[in-house]
Each structure stands twice: as C-alpha cells, then as structure tokens.
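S.K.: Following this message is one structure expressed as structure tokens.
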Amino acid sequence: MRMLWTTHRWLFAVLVVLLPATPVFALEPPSGQVFPSQTHLAVFNISNSYRAIEPWTGDFMRFEVSANPPIPNQPVELCGKAGSTAQCSFVGAYTNSQGKWSIIQQIPASAPLGATTIWARVGGIESDPYYYTHKARPDDPAIGASCYLVLSRPHADIWIGERALWTILSRPYGYKGYWYGTHNGAPDASGDPTKHSSNSEWYSDAYADGSQGTYTRWVQFRDKADRFVCNTNPITFSVVNPPVAVHSGGNHSILRLLANFWRLFF
C-alpha cells in the first residue's frame, strides 16, 4: 500500500510539472523539502516592461538572481526550455557578496515561439522558474514603441556660451533620431539627424551670440528602413544672455588703494 501511494505521488508530481503554468515571479519549494540555499530568479524586461509576460523577439530582458545565503565563486548558468527542448548557457561566475547577480539577455530570432520557461543555476542549485510566452515582433515598428527626450541644463534658461545635455531614449532601443522643432514659433528643424541612436546622451555645442530666443524641440525615431517608430515628448526652453555681474564695494577698493598710497608717501 505504501509503495502504491509513493507511485501515485510521483505521477501526481509529473502531472503538475506538465500542466500549463500561470506566470509567476517566485515559487517556494514544497513543504518539508530542504535546499542548501534558496535561490530566486526575478525577471525584469528592460526593453518593454509591460511585455514581461509576453515579450517579443528582440526584446531585452534582465534576470536578477538572488541567493540566500550567498553562493560565492560559483558558475552561473541561465537555462531555458521551450517545448521539450531545454538548454543552459554559462553567463559568468557568481562573485557578488550580497547574493545578487544581474543578467541581461536578448531574445534571439532563433528562439522558439510560444510558452517558455527560464531559470538560473548557480553552483548546481536551480532557482525558481519564470514563465513567459515568446511572441513574434509585429512588422510595424510603431506598435508597442515608446520614446522620450530629456534636457539637462545648469539654469532654468540656457545662457549664451553654455552647453546643454540631451538624452534620447526609446523602447526598444537602437533607432535613429531626427530633430524637429521651432525657434520663436517658426519651424527651424525638420528631420535633421541627431547623429546619435536612441539610449544615448551628449552635450550640444555652446550656444553662440545671436541664438537667443525660445525653442521647442522633439525627436522622431525611425528604423533602419526609415519607417516611423515614435515621436518624443516636446521640450520648450529659452536661450538668453547671461546676467550681468554686479560687483559691490568697488568704490571702497579705490578708497583703500588711495589710503595706502597716502600712507606710503606722506
């Protein structure tokens, strides 16, 4: 009777593994099962966070592995299974004393579509699994895309002679950017290349005298086939003359100089 119950329990465990799983971020080990270390795998999709459960081909995903207690100086493998095919690949040595390891991985075009299971293996100890559904990327690059423009400057207005720090971001990244905007209400930029791809930052040239005024700028991203992807948020800013420095106490300095001169010669 005990042998029969043991067999039934084993079959039940196999059925549970084979049943379709709902997406989860962490699964605790069954009660009574002891691991030498509890290893977790949390998944963050840094390309499109809202597609973490159903990522597209080419999306970048960040896997954060944590172990408690830490497992230092052990090999870290990232394992995946789609259908009946499973494979693991070495990604580095687990050296973080805090017990965390971040892995960034792009879903390749060769990856099978459909239900996929991802887990990590650290020093032979496997993490909790993460389930997602790999979907084909739509042909239209504008679907699911988002982009942003950020301007950093030392003052509310940009002074003549100063430079500004521009940052352009897109999800997914890697698209070419083109400037659009106005100067004092009149269009002055219409598709000028930024010379930078998305997810990069750079300093502008110093604003020269004669460039004073109010500007509005935004960036349009396009793919390699020159197809529209998205427009960033517009940013309005002003370029002004720097404030005139007013030095107080100038007359006092002259009086002190005259007093010293008087003491030396009289």
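Residues in the structure tokens are named by chain (A, B, ... in the order shown) and by number from 1 within that chain; ligands are numbered from 1 in the order shown.
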Can you list, as a list in words, every protein, DNA or RNA residue that comes within 8 Å of region 191-195 of chain A when you count only C-alpha atoms, leaving out same-chain residues fewer than 5 positions away?
M.R.: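 Counting only the stated atoms, we get Lys176, Gly177, Tyr178, Trp179, Tyr180 and Gln220 of chain A.
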S.K.: Would you kindly return, as a ChimeraX atom specification, each protein, DNA or RNA residue with an atom no farther than 7 Å from any atom of Leu41 (chain A), considering only C-alpha atoms and excluding same-chain residues fewer than 5 positions away?
M.R.: /A:26,63-66,119-120,127-129
S.K.: Just to be explicit: take each residue in the selection above, keep N, CA and C atoms, and write the result as a tab-separated table (two decimals), in the first residue's frame.
M.R.:
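Written output follows (result-v6.tsv):
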```tsv
chain	number	residue	atom	x	y	z
A	26	ALA	N	8.05	33.93	-8.42
A	26	ALA	CA	8.79	33.11	-7.48
A	26	ALA	C	7.91	31.97	-7.00
A	63	PHE	N	17.48	39.48	-15.95
A	63	PHE	CA	17.19	38.45	-14.95
A	63	PHE	C	18.04	38.75	-13.72
A	64	GLU	N	17.40	38.86	-12.58
A	64	GLU	CA	18.14	39.09	-11.34
A	64	GLU	C	18.05	37.85	-10.46
A	65	VAL	N	19.19	37.24	-10.24
A	65	VAL	CA	19.28	36.02	-9.44
A	65	VAL	C	19.73	36.41	-8.04
A	66	SER	N	19.05	35.92	-7.04
A	66	SER	CA	19.45	36.17	-5.66
A	66	SER	C	19.52	34.85	-4.91
A	119	TRP	N	15.08	29.62	-16.00
A	119	TRP	CA	15.55	29.51	-14.62
A	119	TRP	C	17.06	29.65	-14.61
A	120	ALA	N	17.60	29.91	-13.44
A	120	ALA	CA	19.04	30.04	-13.28
A	120	ALA	C	19.58	28.86	-12.49
A	127	SER	N	17.26	27.79	-9.55
A	127	SER	CA	16.38	28.82	-9.00
A	127	SER	C	14.92	28.47	-9.25
A	128	ASP	N	14.04	29.32	-8.73
A	128	ASP	CA	12.63	29.22	-9.08
A	128	ASP	C	12.48	29.52	-10.57
A	129	PRO	N	11.50	28.94	-11.22
A	129	PRO	CA	11.31	29.19	-12.66
A	129	PRO	C	10.52	30.46	-12.91
```
S.K.: So, counting only C-alpha atoms, which residue among A:Pro108, A:Leu151, A:Glu162, A:Ser200 is closest to Trp218 (chain A)?
M.R.: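 That would be A:Leu151, the residue with the smallest distance to Trp218 (chain A).
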S.K.: With a distance cut-off of 9 Å and only C-alpha atoms, select the neighbouring residues of Asp140 (chain A), excluding the residue or stretch itself and same-chain residues fewer than 3 positions from it, and output the selection as a ChimeraX atom specification.
M.R.: /A:137,143,227-229
S.K.: What is the distance, in Å and to one decimal place, between CA of Ile104 (chain A) and CA of Thr117 (chain A)?
M.R.: 16.2 Å
S.K.: Restricting the calculation to only C-alpha atoms: of A:Ser204, A:Ser197, A:Asn68, A:Ser238, which residue gets closest to His155 (chain A)?
M.R.: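 Counting only C-alpha atoms, the residue closest to His155 (chain A) is A:Ser238.
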S.K.: Compile the contact shell of Pro234 (chain A) as an MDAnalysis selection string: residues with an atom at most 10 Å away, counting only C-alpha atoms, same-chain residues fewer than 5 positions apart removed.
M.R.: chainID A and resid 148:150 180:181 216:219
S.K.: Taking only region 65-218 of chain A into account, list the residues labelled strand (DSSP E) by DSSP (computed from the backbone), as a count of residues only.
M.R.: 92
S.K.: Expressed in Å to a single decimal, how great is the separation between CA of Leu78 (chain A) and CA of Pro172 (chain A)?
M.R.: 22.6 Å
S.K.: Using only C-alpha atoms, which residue out of A:Ile125, A:Val240, A:Ala206, A:Ile235 lies closest to Ala164 (chain A)?
M.R.: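 When distances to Ala164 (chain A) are compared using only C-alpha atoms, the smallest one comes from A:Ala206.
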S.K.: Work out how far CA of Ile107 (chain A) is from CA of Tyr175 (chain A), in Å to one decimal.
M.R.: 17.8 Å
S.K.: For His183 (chain A), which residue among A:Phe90, A:Trp56, A:Tyr215, A:Phe237 is the nearest when counting only C-alpha atoms?
M.R.: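 Closest residue, counting only C-alpha atoms: A:Tyr215.
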